[in-house]
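Here the structure is laid out as C-alpha cells; the discussion comes afterwards.
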Amino acid sequence: MTGPLAITITINGEPATRAVEPRLSLADFLRAEGFTGTHVGCEHGVCGACTIRVDGRTARGCLTLAVQCDGLEVETIEGATGNGCVADLQDAFIENNALQCGFCTPGMLLTADELLQENVSPTRTEIREHLSGNYCRCTGYQAIVDAVEQVARQRAERT
Amino acid sequence: MNEHLKPSVLDRPNSYVGKTVPRPNARRLVQGCGTYVDDICLPRMVHLAFHRSAFAHAKVVSIDTDEARAVPGVVGVFTMNDIRDVITPWTGVLDHLKGIKSAEQWPLANGKVFWQGEPVAAVAAVSRAVAEDAAEQIFVEYEELTPVTDMETALAPDTPVIHPELGDNLCFHRVIDSGDVDAAFADAAAVVEDTFHFNRHTGVPMEPRSIICDYSRAEGELTLYMSVQCPHMSKNLFAKHLGLDENKVRVICRDVGGSFGIKIHTYSDEMAAGAIAVILGRPVKFIADRLESFVTDVHARDHVVKARAAFNSGGELLAIDMDDVTGIGPYSVYPRTSGIELNQVVNLTGGPYKHASYRADGKVVFQNKNVMCQYRGVGHPIAVAVGEHLMDLGARKLGLDPVDVRHNSFIPDDAYPYTSPSGAIYERQSHRQCLDKLVGIMDYAGLRDAQAQMRDRNIYRGIGFASLIEVTNPSPAFYGVGGARIASQDGCTIRLDPTGGITATTGVTEQGQGTETIIAQIAATAVGVPLDQVRVLTGDTEIVPYGGGTWASRGAGIGGEAALQAGKALKENIIALAAAILQAKPDRLDVRDGSIVDIATGQERMPLSELGGIAYFRGDTLPKDVQPELVATRHYTQRQFPFVFTNAAHACHVEVDVETGIVNLLNYWVVEDCGRVINPKLVAEQTRGGVVQGLGPALYEECLYSSEGQLLNGSLADYLVPMAAEMPDIVVDHIETPTGTSELGAKGVGEAGTAGAPAAVMNAINDALDPFGVTLTHMPFTPDKILKGLGRA
Ligand code: FES
Ligand code: FES
C-alpha cells in the first residue's frame with residue numbers, strides 16, 4: 001500500500017491541503033472534514049446519498065477517490081446551502097414534505113438542481129427518470145417530483 | 001359550564017389539528033445538518049468491524065486472531081470468549097405466544113454459526129478502514145454442517161435439527177378453528193383456493209444500522225447513541241445483558257435515517273459493541289455497511305400459504321381455511337419474537353369480512369438463513385394478499401364484480417363493535433364508505449370500459465382492489481403481557497417557558513414520519529399557543545418521559561393523546577395562575593394564540609410571556625398561597641381493546657406487457673380511515689411511502705438464497721428497490737372515523753400502505769391476465785415469472 005499523498009481540494013470555496021490515503025473515498029474525506037451532509041448509504045455507487053458536485057458536475061462521493069480531486073473544486077450540500085443555489089428547492093422540499101428521514105435529501109437536491117440546469121421545464125416523467133439514480137426509501141418519490149416540478153415552474157417564471 | 005357543553009379542545013378557533021403544516025425539523029435536514037449516528041465523533045472513539053460467518057451452518061473449530069491483533073492501529077480483537085464475562089445471552093420468546101421456543105443467542109458465535117453473516121469476531125481499531133483490514137486477517141476454521149434452508153421441509157423427520165436442545169425445528173405453532181368450517185365449505189355455492197409464495201425481503205433504510213456505545217468507567221454509565229425507534233427498550237436491554245444499573249444507561253437517538261421496523265430489534269453486533277465498550281472503557285462506533293446490512297438486518301415475510309374460501313351464490317364470504325408456514329432463520333428475534341408476524345397473518349386474514357367460519361394453521365420454523373422479524377406491516381401484507389385474492393377468485397367464479405363481492409361480504413355497519421372469528425375486536429370500521437369513495441375517485445366504470453376496449457387491441461390492463469384492516473395503537477396485550485419490557489403507554493411533558501412558548505418532551509420518536517410536528521400541533525392546540533412557539537424534544541431517555549417509542553403505528557394515537565392531555569392540564573394550570581394574577585374567575589379566561597384572553601369576548605388580558613415572567617422571576621408579586629406549576633405531564637395507555645384498527649381501501653391499475661412480462665404501474669388510489677387526521681399531508685405521505693414499500697416486494701425486492709443458505713444478491717446493485725421512474729403517482733383520500741378510545745380519536749397510519757399494496761398489485765396483474773386464464777400468486781411478479789405464467793418463457 002502506498003502511503004498518504006498530499007492533496008489540495010477546494011471544499012465549498014475553501015482550499016484544504018491534507019495528506020490522505022490513496023484509497024480514501026471523497027465521501028469519507030468530506031465527512032471527516034465535517035461535511036456530514038454527504039451521506040453514505042451503500043458505498044457502491046447505487047443509492048446516490050453521497051452525491052456531491054466536483055467542478056460543477058454531480059458525482060458519487062463513494063465512487064470518487066479523494067486523491068482524484070486534487071486541485072478540483074468540490075461542493076457539498078453545506079456549500080450549496082451557503083451560496084443559496086438550491087434555496088428554492090430546499091423550500092419546495094419542505095413545503096411538499098418531499099423528505100421524511102432526510103437521509104437521501106442532500107443528494108436528491110443536488111441531483112434535482114442538475115436536472116433543472118439542463119432542462120428548464122422537465123415533464124414529471126423526465127423528473128422521475130433523472131432522479132432514478134437516487135434512492136429514497138421513505139417518501140415513495142411523488143412529493144419529491146412535486147417539489148422539483150414546482151421549482152421548475154418558479155424558475156421559469158423568474159427568468 | 002357542563003363538561004359536555006365545552007367545545008372540544010380540538011375544535012378551538014385556533015386549532016392546528018387537521019391542518020397541513022410544514023415540519024419544523026425539515027429545514028436542518030434539507031441543509032444536510034441532521035445528526036445521524038455516524039455524524040457523531042467522540043474523543044478516543046474506536047471503530048468496529050466484524051468477521052462474519054461465510055457459512056450458513058458450521059462448527060467453529062478455531063479462531064486465529066494473532067495477525068489481526070498485529071495490524072497497526074488495532075486496539076483489540078474480540079471473540080465470544082473475550083466478552084463472555086461482561087454480557088449474557090438472550091432468548092426471543094414471549095409468554096403469551098403459547099409454546100414458542102428459541103435457542104439462546106450470543107453476541108458473537110458461541111461454538112457454532114447458524115447463518116451466513118453471523119458475527120464471529122470483532123476488531124476495534126482507530127479507524128474503520130484499519131478495523132476492516134484487520135478483520136480480514138482473522139482466520140476461522142469451520143467444520144461445515146448441513147444447512148436447513150427449505151422451510152417447507154424444515155420439520156421433516158430427515159431434516160437435521162438446528163438447535164438439538166430444542167428437539168425440533170418448530171419455533172411456534174398457532175391454530176384457530178372457529179365456527180363450522182367443514183359445513184360452510186360443504187354448503188358453499190363456490191369454493192376457490194390457491195397457494196401463495198411471499199418472498200423474503202428487507203427494509204433497506206437508507207441509513208444503515210448505527211450505534212456508538214460510550215462507557216464511562218468512572219461513573220459506571222453507558223451512553224448509547226443509536227439509530228432506533230424505541231430508546232427505552234434499548235436502554236433496558238443493554239442494561240440487562242451487560243449487567244448495568246438501568247438508571248445508568250442512557251439512549252440518545254437524534255436523527256434516524258429510516259427504520260421501518262428494522263431498528264426495533266436486538267442485533268448481535270450492536271450488543272457486542274456494548275460489551276466491547278465496557279471492556280475498553282472508551283467509545284465504540286459500529287456502522288453497518290450495506291453488504292452486512294443485507295445479511296443481518298431482519299428480513300421479513302417468507303411465507304407459503306395454502307388457502308381456500310367458501311362463498312354463497314350471492315357472493316357472500318362464508319369461510320376461509322388456510323395453512324401458513326414461515327421460515328424465520330435460526331433464532332426467534334429478541335425481544336419481540338419472530339412469532340408475531342405469523343400471529344398477525346392468522347389473526348387478520350379476511351379481516352374486513354363477516355364470515356363466521358375460519359380455520360388457520362400456522363407454523364413458524366427455524367432455518368439457516370438470516371433472522372426474520374417485524375418489518376413495516378408485520379403480517380398484514382400477507383393476510384391482505386391472501387384474503388383479497390380469495391375475494392377476487394370468488395368473484396370470478398360466481399361471475400360477479402370484485403367490488404360487489406366485497407360489499408356483500410363486509411361486516412355490516414350496524415354490527416360494530418365486532419369480534420372476528422379469529423378473536424380480533426373491531427371498534428368501528430368504514431370499509432363500505434372507503435370502497436365507495438375509492439370507486440368514485442378512480443372512475444371505476446370508466447376504467448372497466450377502457451380496459452375492455454384495450455383488450456381488443458391486445459393491450460392488457462388490470463384493476464386490483466384491496467380492502468384491509470391495520471393493527472394500530474396497541475395495548476399492553478401486544479408485548480407487555482408476554483413479559484417484554486416494551487412500554488405500551490407513552491407520556492408527554494409540556495412546560496410553559498418564561499418566553500410564553502412551550503417545550504414538549506415525548507416518549508414517541510421521530511424517524512421522518514412527522515412525529516415531532518404532530519406532537520407540536522396537538523400541544524399548541526391544547527395549550528393555546530402559536531405553533532412556532534412550540535419546541536418538541538424526542539429520543540433521549542434522560543429527557544423524555546418513559547415510553548414505548550414509535551412502532552406498530554402508535555406514535556400519533558398513543559403519543560398524541562398523551563400530548564393532548566398534558567396540554568390541557570398545563571392550560572388549566574396557566575389559567576389558574578392567570579386568574580390569581582388578574583383577580584378574575586378561572587372560567588372567564590381562556591388561552592388563545594399565546595395570550596390569556598377573556599373567554600367571551602376574546603379580548604387579551606395578558607400575554608403568556610408576561611405570565612411566564614411573573615411566575616419565574618417575580619413570584620414576590622403573587623398572592624402568598626399561589627405556587628405556579630407550569631409543567632404538566634400526562635401518560636396514556638390504550639386499554640379498551642387489544643388494538644385499535646385502522647382500515648383502508650386500495651386500488652391499483654396496471655398494464656402488463658405480455659411480450660416482455662413487464663408490469664407498468666399506471667395509477668394507484670387509497671382511501672384510508674385513520675380516525676382523526678392530525679396533519680393531512682403527513683397522513684398522505686405516510687400512505688404513499690407505505691404503498692411504495694409494498695409495491696417494491698410485490699414486483700422487485702427479494703432476498704435470494706442458494707440451497708446452501710448463501711444470500712445471492714446482498715448488495716444494492718443486485719437487490720432491487722423501487723426507483724422514482726417506476727413508481728406511479730398515488731391519490732390519497734380520507735374517511736374519518738375517530739376512535740372512541742381517546743379524546744384525540746387518532747388511529748395509526750404508518751403501515752396501512754404497505755399492508756395493502758402487494759394485494760392490490762397482485763389482483764391487478766391477475767385481472768390483466770384474466771383473458772389468458774393465468775393466475776399468479778408467487779411474489780415478486782418479475783417479468784420472468786409473468787412470461788412463465790403465460791407459457792412464453
Ligand atoms: S453511498 Fe454512494 S451511491 Fe450509495
Ligand atoms: S427521506 Fe428517507 S430516504 Fe428519502
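Ordering of the C-alpha cells sets the chain letters (A, B, ...); residue numbers start at 1 within each chain; ligands are numbered from 1 in the order shown.
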Applying 8 Å and only C-alpha atoms, which residues near range 77-85 of chain A remain after dropping the ones on its own chain fewer than 5 positions away? List them as a list in words. Ile11, Asn12, Gly13, Phe35, Gly37, Thr38, Ile52, Pro106, Gly107 and Leu110 of chain A; Gln31, Gly32 and Cys33 of chain B
Could you name the residues that touch Glu43 in chain A at 8 Å or less, counting only C-alpha atoms, but leaving out those on the same chain fewer than 3 positions away, as an mmCIF file with C-alpha atoms, in the first residue's frame?
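Written output follows (out35.cif):
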```cif
data_model
loop_
_atom_site.group_PDB
_atom_site.id
_atom_site.type_symbol
_atom_site.label_atom_id
_atom_site.label_comp_id
_atom_site.auth_asym_id
_atom_site.auth_seq_id
_atom_site.Cartn_x
_atom_site.Cartn_y
_atom_site.Cartn_z
ATOM 1 C CA VAL A 40 -23.188 7.216 2.776
ATOM 2 C CA VAL A 46 -26.080 2.835 -6.330
ATOM 3 C CA CYS A 62 -18.330 6.960 -2.616
ATOM 4 C CA LEU A 63 -17.012 6.056 -6.058
ATOM 5 C CA ASP B 289 -22.164 -1.237 5.769
ATOM 6 C CA ARG B 290 -24.749 -2.050 3.129
#
```
Quick one: pick out all strand (DSSP E) residues within chain A from a backbone DSSP run and write them as a PyMOL selection string. chain A and resi 5-11+14-20+51-54+57-60+73-75
Which residues are near ligand 1 - at most 7 Å, using only C-alpha atoms and all ligand atoms? Format: as an mmCIF file with all heavy atoms, in the first residue's frame.
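Saved as part.cif:
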```cif
data_model
loop_
_atom_site.group_PDB
_atom_site.id
_atom_site.type_symbol
_atom_site.label_atom_id
_atom_site.label_comp_id
_atom_site.auth_asym_id
_atom_site.auth_seq_id
_atom_site.Cartn_x
_atom_site.Cartn_y
_atom_site.Cartn_z
ATOM 1 N N HIS A 39 -24.035 11.952 2.713
ATOM 2 C CA HIS A 39 -24.373 10.708 3.416
ATOM 3 C C HIS A 39 -23.875 9.490 2.651
ATOM 4 O O HIS A 39 -23.693 9.545 1.432
ATOM 5 C CB HIS A 39 -25.890 10.619 3.616
ATOM 6 C CG HIS A 39 -26.419 11.707 4.491
ATOM 7 N ND1 HIS A 39 -27.688 12.220 4.367
ATOM 8 C CD2 HIS A 39 -25.833 12.393 5.500
ATOM 9 C CE1 HIS A 39 -27.863 13.183 5.268
ATOM 10 N NE2 HIS A 39 -26.751 13.305 5.970
ATOM 11 N N VAL A 40 -23.683 8.439 3.389
ATOM 12 C CA VAL A 40 -23.188 7.216 2.776
ATOM 13 C C VAL A 40 -24.237 6.128 2.995
ATOM 14 O O VAL A 40 -24.477 5.705 4.121
ATOM 15 C CB VAL A 40 -21.837 6.822 3.415
ATOM 16 C CG1 VAL A 40 -21.401 5.467 2.897
ATOM 17 C CG2 VAL A 40 -20.782 7.864 3.096
ATOM 18 N N GLY A 41 -24.869 5.724 1.909
ATOM 19 C CA GLY A 41 -25.956 4.746 2.042
ATOM 20 C C GLY A 41 -25.607 3.368 1.525
ATOM 21 O O GLY A 41 -26.256 2.394 1.885
ATOM 22 N N CYS A 42 -24.620 3.278 0.644
ATOM 23 C CA CYS A 42 -24.306 1.950 0.093
ATOM 24 C C CYS A 42 -22.822 1.736 -0.130
ATOM 25 O O CYS A 42 -22.359 0.618 -0.105
ATOM 26 C CB CYS A 42 -25.079 1.705 -1.203
ATOM 27 S SG CYS A 42 -24.488 2.687 -2.601
ATOM 28 N N GLU A 43 -22.085 2.803 -0.387
ATOM 29 C CA GLU A 43 -20.650 2.712 -0.683
ATOM 30 C C GLU A 43 -20.359 1.903 -1.930
ATOM 31 O O GLU A 43 -19.235 1.475 -2.131
ATOM 32 C CB GLU A 43 -19.869 2.126 0.501
ATOM 33 C CG GLU A 43 -19.882 3.022 1.707
ATOM 34 C CD GLU A 43 -19.243 2.348 2.911
ATOM 35 O OE1 GLU A 43 -19.913 1.498 3.546
ATOM 36 O OE2 GLU A 43 -18.087 2.670 3.207
ATOM 37 N N HIS A 44 -21.385 1.630 -2.749
ATOM 38 C CA HIS A 44 -21.071 1.010 -4.026
ATOM 39 C C HIS A 44 -21.788 1.673 -5.199
ATOM 40 O O HIS A 44 -22.121 1.026 -6.185
ATOM 41 C CB HIS A 44 -21.214 -0.515 -4.012
ATOM 42 C CG HIS A 44 -22.461 -1.048 -3.358
ATOM 43 N ND1 HIS A 44 -22.472 -1.530 -2.076
ATOM 44 C CD2 HIS A 44 -23.714 -1.199 -3.811
ATOM 45 C CE1 HIS A 44 -23.696 -1.945 -1.765
ATOM 46 N NE2 HIS A 44 -24.459 -1.759 -2.798
ATOM 47 N N GLY A 45 -22.028 2.963 -5.035
ATOM 48 C CA GLY A 45 -22.411 3.732 -6.212
ATOM 49 C C GLY A 45 -23.836 3.605 -6.683
ATOM 50 O O GLY A 45 -24.164 4.004 -7.798
ATOM 51 N N VAL A 46 -24.718 3.082 -5.861
ATOM 52 C CA VAL A 46 -26.080 2.835 -6.330
ATOM 53 C C VAL A 46 -27.094 3.834 -5.785
ATOM 54 O O VAL A 46 -27.975 4.299 -6.515
ATOM 55 C CB VAL A 46 -26.532 1.399 -5.961
ATOM 56 C CG1 VAL A 46 -27.936 1.131 -6.475
ATOM 57 C CG2 VAL A 46 -25.569 0.374 -6.535
ATOM 58 N N CYS A 47 -26.983 4.209 -4.513
ATOM 59 C CA CYS A 47 -28.105 4.887 -3.857
ATOM 60 C C CYS A 47 -28.135 6.396 -4.064
ATOM 61 O O CYS A 47 -29.183 7.018 -3.928
ATOM 62 C CB CYS A 47 -28.110 4.571 -2.364
ATOM 63 S SG CYS A 47 -26.822 5.423 -1.435
ATOM 64 N N GLY A 48 -27.005 7.009 -4.347
ATOM 65 C CA GLY A 48 -26.984 8.453 -4.599
ATOM 66 C C GLY A 48 -26.975 9.331 -3.364
ATOM 67 O O GLY A 48 -26.962 10.557 -3.473
ATOM 68 N N ALA A 49 -26.961 8.738 -2.170
ATOM 69 C CA ALA A 49 -26.977 9.557 -0.947
ATOM 70 C C ALA A 49 -25.711 10.397 -0.822
ATOM 71 O O ALA A 49 -25.706 11.439 -0.169
ATOM 72 C CB ALA A 49 -27.133 8.655 0.278
ATOM 73 N N CYS A 50 -24.632 9.965 -1.467
ATOM 74 C CA CYS A 50 -23.332 10.623 -1.340
ATOM 75 C C CYS A 50 -23.096 11.642 -2.455
ATOM 76 O O CYS A 50 -21.957 12.102 -2.630
ATOM 77 C CB CYS A 50 -22.236 9.570 -1.387
ATOM 78 S SG CYS A 50 -22.232 8.719 -2.977
ATOM 79 N N THR A 51 -24.154 11.981 -3.199
ATOM 80 C CA THR A 51 -23.979 12.865 -4.353
ATOM 81 C C THR A 51 -23.417 14.224 -3.933
ATOM 82 O O THR A 51 -23.926 14.862 -3.009
ATOM 83 C CB THR A 51 -25.329 13.067 -5.069
ATOM 84 O OG1 THR A 51 -25.836 11.779 -5.440
ATOM 85 C CG2 THR A 51 -25.181 13.942 -6.305
ATOM 86 N N ARG A 60 -20.589 10.775 -7.554
ATOM 87 C CA ARG A 60 -20.825 9.921 -6.385
ATOM 88 C C ARG A 60 -19.595 9.994 -5.489
ATOM 89 O O ARG A 60 -18.505 9.569 -5.902
ATOM 90 C CB ARG A 60 -21.035 8.473 -6.812
ATOM 91 C CG ARG A 60 -22.060 8.308 -7.908
ATOM 92 C CD ARG A 60 -23.250 7.533 -7.458
ATOM 93 N NE ARG A 60 -24.436 8.268 -7.878
ATOM 94 C CZ ARG A 60 -25.649 7.778 -7.925
ATOM 95 N NH1 ARG A 60 -25.892 6.547 -7.564
ATOM 96 N NH2 ARG A 60 -26.669 8.510 -8.284
ATOM 97 N N GLY A 61 -19.789 10.521 -4.308
ATOM 98 C CA GLY A 61 -18.655 10.666 -3.388
ATOM 99 C C GLY A 61 -18.053 9.342 -2.985
ATOM 100 O O GLY A 61 -16.876 9.265 -2.641
ATOM 101 N N CYS A 62 -18.851 8.260 -3.050
ATOM 102 C CA CYS A 62 -18.330 6.960 -2.616
ATOM 103 C C CYS A 62 -17.530 6.282 -3.706
ATOM 104 O O CYS A 62 -16.762 5.372 -3.428
ATOM 105 C CB CYS A 62 -19.460 6.057 -2.133
ATOM 106 S SG CYS A 62 -20.528 5.434 -3.443
ATOM 107 N N LEU A 63 -17.741 6.695 -4.952
ATOM 108 C CA LEU A 63 -17.012 6.056 -6.058
ATOM 109 C C LEU A 63 -15.835 6.910 -6.514
ATOM 110 O O LEU A 63 -15.091 6.524 -7.392
ATOM 111 C CB LEU A 63 -17.940 5.823 -7.254
ATOM 112 C CG LEU A 63 -19.032 4.763 -7.110
ATOM 113 C CD1 LEU A 63 -19.719 4.547 -8.443
ATOM 114 C CD2 LEU A 63 -18.468 3.453 -6.594
#
```
Which protein, DNA or RNA residues have an atom within 8 Å of ligand 2, counting only C-alpha atoms and all ligand atoms, as a list in words?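 Residues satisfying the distance criterion: Ala98, Leu99, Gln100, Cys101, Gly102, Phe103, Cys104, Thr105, Tyr135, Cys136, Arg137, Cys138 and Thr139 of chain A; Pro205, Met206, Glu207, Gly257, Gly258 and Gly512 of chain B.
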As JSON, numbers by chain, which residues of range 50-155 of chain A does DSSP assign to alpha helix (DSSP H)? {"A": [77, 78, 79, 80, 81, 82, 83, 87, 88, 89, 90, 91, 92, 93, 94, 95, 96, 105, 106, 107, 108, 109, 110, 111, 112, 113, 114, 115, 116, 117, 118, 124, 125, 126, 127, 128, 129, 130, 142, 143, 144, 145, 146, 147, 148, 149, 150, 151, 152, 153, 154, 155]}
Give me a file of those residues, with N, CA and C atoms, as a short mmCIF file (atom, residue, chain, number, x, y, z; two decimals), in the first residue's frame.
```
data_model
loop_
_atom_site.label_atom_id
_atom_site.label_comp_id
_atom_site.auth_asym_id
_atom_site.auth_seq_id
_atom_site.Cartn_x
_atom_site.Cartn_y
_atom_site.Cartn_z
N ILE A 77 -23.62 19.73 0.09
CA ILE A 77 -24.90 20.36 0.41
C ILE A 77 -24.69 21.58 1.32
N GLU A 78 -23.66 21.52 2.16
CA GLU A 78 -23.40 22.66 3.03
C GLU A 78 -23.03 23.88 2.19
N GLY A 79 -22.20 23.65 1.16
CA GLY A 79 -21.80 24.75 0.28
C GLY A 79 -22.97 25.26 -0.54
N ALA A 80 -23.76 24.32 -1.07
CA ALA A 80 -24.90 24.73 -1.88
C ALA A 80 -25.91 25.50 -1.04
N THR A 81 -26.01 25.13 0.23
CA THR A 81 -26.90 25.88 1.12
C THR A 81 -26.34 27.28 1.35
N GLY A 82 -25.04 27.33 1.58
CA GLY A 82 -24.40 28.60 1.88
C GLY A 82 -24.51 29.59 0.74
N ASN A 83 -24.36 29.13 -0.51
CA ASN A 83 -24.41 30.09 -1.62
C ASN A 83 -25.82 30.27 -2.17
N ALA A 87 -31.69 27.05 -2.70
CA ALA A 87 -32.62 27.55 -1.68
C ALA A 87 -34.08 27.31 -2.09
N ASP A 88 -34.37 27.54 -3.38
CA ASP A 88 -35.76 27.35 -3.81
C ASP A 88 -36.16 25.87 -3.73
N LEU A 89 -35.22 25.00 -4.10
CA LEU A 89 -35.53 23.56 -3.99
C LEU A 89 -35.71 23.15 -2.53
N GLN A 90 -34.87 23.69 -1.67
CA GLN A 90 -34.99 23.35 -0.25
C GLN A 90 -36.35 23.79 0.29
N ASP A 91 -36.76 25.02 -0.08
CA ASP A 91 -38.07 25.50 0.37
C ASP A 91 -39.18 24.60 -0.17
N ALA A 92 -39.07 24.24 -1.43
CA ALA A 92 -40.12 23.41 -2.04
C ALA A 92 -40.14 22.01 -1.43
N PHE A 93 -38.98 21.48 -1.08
CA PHE A 93 -38.95 20.17 -0.42
C PHE A 93 -39.68 20.24 0.92
N ILE A 94 -39.46 21.33 1.65
CA ILE A 94 -40.13 21.47 2.95
C ILE A 94 -41.63 21.62 2.74
N GLU A 95 -42.00 22.48 1.80
CA GLU A 95 -43.42 22.76 1.57
C GLU A 95 -44.17 21.50 1.12
N ASN A 96 -43.54 20.69 0.29
CA ASN A 96 -44.20 19.50 -0.23
C ASN A 96 -43.97 18.25 0.62
N THR A 105 -31.88 13.25 1.13
CA THR A 105 -32.24 14.59 0.67
C THR A 105 -31.09 15.42 0.10
N PRO A 106 -29.93 15.48 0.76
CA PRO A 106 -28.86 16.30 0.18
C PRO A 106 -28.52 15.85 -1.25
N GLY A 107 -28.41 14.55 -1.44
CA GLY A 107 -28.09 14.03 -2.77
C GLY A 107 -29.21 14.30 -3.76
N MET A 108 -30.42 14.16 -3.28
CA MET A 108 -31.59 14.38 -4.12
C MET A 108 -31.65 15.84 -4.58
N LEU A 109 -31.34 16.76 -3.68
CA LEU A 109 -31.39 18.19 -4.02
C LEU A 109 -30.36 18.53 -5.09
N LEU A 110 -29.15 18.02 -4.93
CA LEU A 110 -28.10 18.35 -5.90
C LEU A 110 -28.41 17.72 -7.26
N THR A 111 -29.00 16.52 -7.24
CA THR A 111 -29.36 15.87 -8.50
C THR A 111 -30.51 16.62 -9.18
N ALA A 112 -31.46 17.06 -8.37
CA ALA A 112 -32.59 17.80 -8.94
C ALA A 112 -32.12 19.13 -9.53
N ASP A 113 -31.20 19.77 -8.84
CA ASP A 113 -30.68 21.05 -9.33
C ASP A 113 -29.95 20.85 -10.66
N GLU A 114 -29.23 19.76 -10.75
CA GLU A 114 -28.53 19.45 -12.00
C GLU A 114 -29.55 19.29 -13.14
N LEU A 115 -30.63 18.58 -12.87
CA LEU A 115 -31.66 18.40 -13.90
C LEU A 115 -32.20 19.75 -14.36
N LEU A 116 -32.52 20.61 -13.39
CA LEU A 116 -33.15 21.88 -13.75
C LEU A 116 -32.18 22.81 -14.47
N GLN A 117 -30.90 22.59 -14.29
CA GLN A 117 -29.94 23.38 -15.07
C GLN A 117 -29.88 22.90 -16.51
N GLU A 118 -30.11 21.62 -16.70
CA GLU A 118 -30.03 21.07 -18.06
C GLU A 118 -31.35 21.19 -18.81
N ARG A 124 -42.99 15.39 -15.69
CA ARG A 124 -42.90 14.54 -14.49
C ARG A 124 -42.12 13.26 -14.80
N THR A 125 -42.35 12.73 -15.99
CA THR A 125 -41.62 11.52 -16.37
C THR A 125 -40.12 11.79 -16.44
N GLU A 126 -39.76 12.94 -17.00
CA GLU A 126 -38.33 13.26 -17.07
C GLU A 126 -37.73 13.46 -15.67
N ILE A 127 -38.51 14.06 -14.80
CA ILE A 127 -38.02 14.24 -13.42
C ILE A 127 -37.81 12.87 -12.79
N ARG A 128 -38.80 12.00 -12.94
CA ARG A 128 -38.68 10.66 -12.36
C ARG A 128 -37.47 9.92 -12.94
N GLU A 129 -37.27 10.04 -14.25
CA GLU A 129 -36.13 9.36 -14.88
C GLU A 129 -34.82 9.90 -14.30
N HIS A 130 -34.73 11.22 -14.21
CA HIS A 130 -33.46 11.81 -13.78
C HIS A 130 -33.13 11.47 -12.33
N GLN A 142 -43.22 10.68 -4.90
CA GLN A 142 -44.16 11.61 -5.52
C GLN A 142 -43.96 13.04 -5.03
N ALA A 143 -43.79 13.21 -3.73
CA ALA A 143 -43.63 14.57 -3.18
C ALA A 143 -42.35 15.21 -3.69
N ILE A 144 -41.34 14.39 -3.94
CA ILE A 144 -40.08 14.92 -4.48
C ILE A 144 -40.32 15.42 -5.90
N VAL A 145 -41.03 14.61 -6.68
CA VAL A 145 -41.35 15.02 -8.05
C VAL A 145 -42.18 16.31 -8.02
N ASP A 146 -43.15 16.38 -7.12
CA ASP A 146 -43.97 17.60 -6.99
C ASP A 146 -43.08 18.82 -6.72
N ALA A 147 -42.14 18.65 -5.80
CA ALA A 147 -41.29 19.78 -5.40
C ALA A 147 -40.42 20.23 -6.56
N VAL A 148 -39.86 19.29 -7.28
CA VAL A 148 -38.97 19.65 -8.40
C VAL A 148 -39.78 20.32 -9.51
N GLU A 149 -40.96 19.79 -9.76
CA GLU A 149 -41.83 20.37 -10.79
C GLU A 149 -42.19 21.81 -10.41
N GLN A 150 -42.48 22.01 -9.14
CA GLN A 150 -42.85 23.35 -8.67
C GLN A 150 -41.69 24.32 -8.85
N VAL A 151 -40.48 23.90 -8.54
CA VAL A 151 -39.33 24.79 -8.68
C VAL A 151 -39.04 25.07 -10.15
N ALA A 152 -39.23 24.08 -11.00
CA ALA A 152 -39.04 24.31 -12.44
C ALA A 152 -39.97 25.44 -12.90
N ARG A 153 -41.20 25.38 -12.46
CA ARG A 153 -42.17 26.43 -12.81
C ARG A 153 -41.73 27.77 -12.27
N GLN A 154 -41.33 27.78 -10.99
CA GLN A 154 -40.92 29.04 -10.37
C GLN A 154 -39.71 29.64 -11.07
N ARG A 155 -38.75 28.78 -11.40
CA ARG A 155 -37.54 29.31 -12.05
C ARG A 155 -37.89 29.85 -13.44
#
```
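When CA of Tyr267 in chain B is paired with CA of Tyr479 in chain B, their separation reads 18.6 Å.
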List as a compact mmCIF listing (two decimals) with C-alpha atoms, in the first residue's frame the protein and nucleic acid residues near Glu292 in chain B, meaning an atom at most 10 Å away when only C-alpha atoms are counted, but skip any in the same chain fewer than 6 places from it.
```txt
# COMPACT_ATOMS: atom_id res chain seq x y z
CA PHE B 50 -16.65 -7.86 12.20
CA ARG B 52 -18.76 -12.75 9.79
CA GLY B 117 -23.29 -13.17 8.12
CA GLU B 118 -23.46 -14.07 11.81
CA PRO B 119 -20.74 -12.14 13.65
CA PRO B 208 -27.78 1.56 7.89
CA ARG B 209 -27.95 0.39 11.49
CA GLY B 714 -26.82 -8.89 -0.92
CA SER B 715 -25.95 -5.55 -2.46
```
My list of candidates is B:Asp177, B:Glu751, B:Asp150, B:Asp361. Which is closest to Gln693 in chain B when distances are computed with only C-alpha atoms? B:Glu751
If we count only C-alpha atoms, what is near range 490-500 of chain B at a cut-off of 7 Å, once residues fewer than 6 positions away on the same chain are taken out, given as a list of chain:residue names?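 Once the nearby chain positions are removed, what remains is B:Thr506, B:Gly507, B:Val508, B:Pro545, B:Tyr546, B:Gly547, B:Gly548, B:Ile558, B:Gly559, B:Ala562, B:Ala563, B:Ala566, B:Gly567, B:Gly594, B:Leu608, B:Ser609, B:Gly612, B:Gly613, B:Tyr616, B:Leu630, B:Val631, B:Ala632, B:Thr633, B:Arg634, B:His635, B:Tyr636, B:Thr637.
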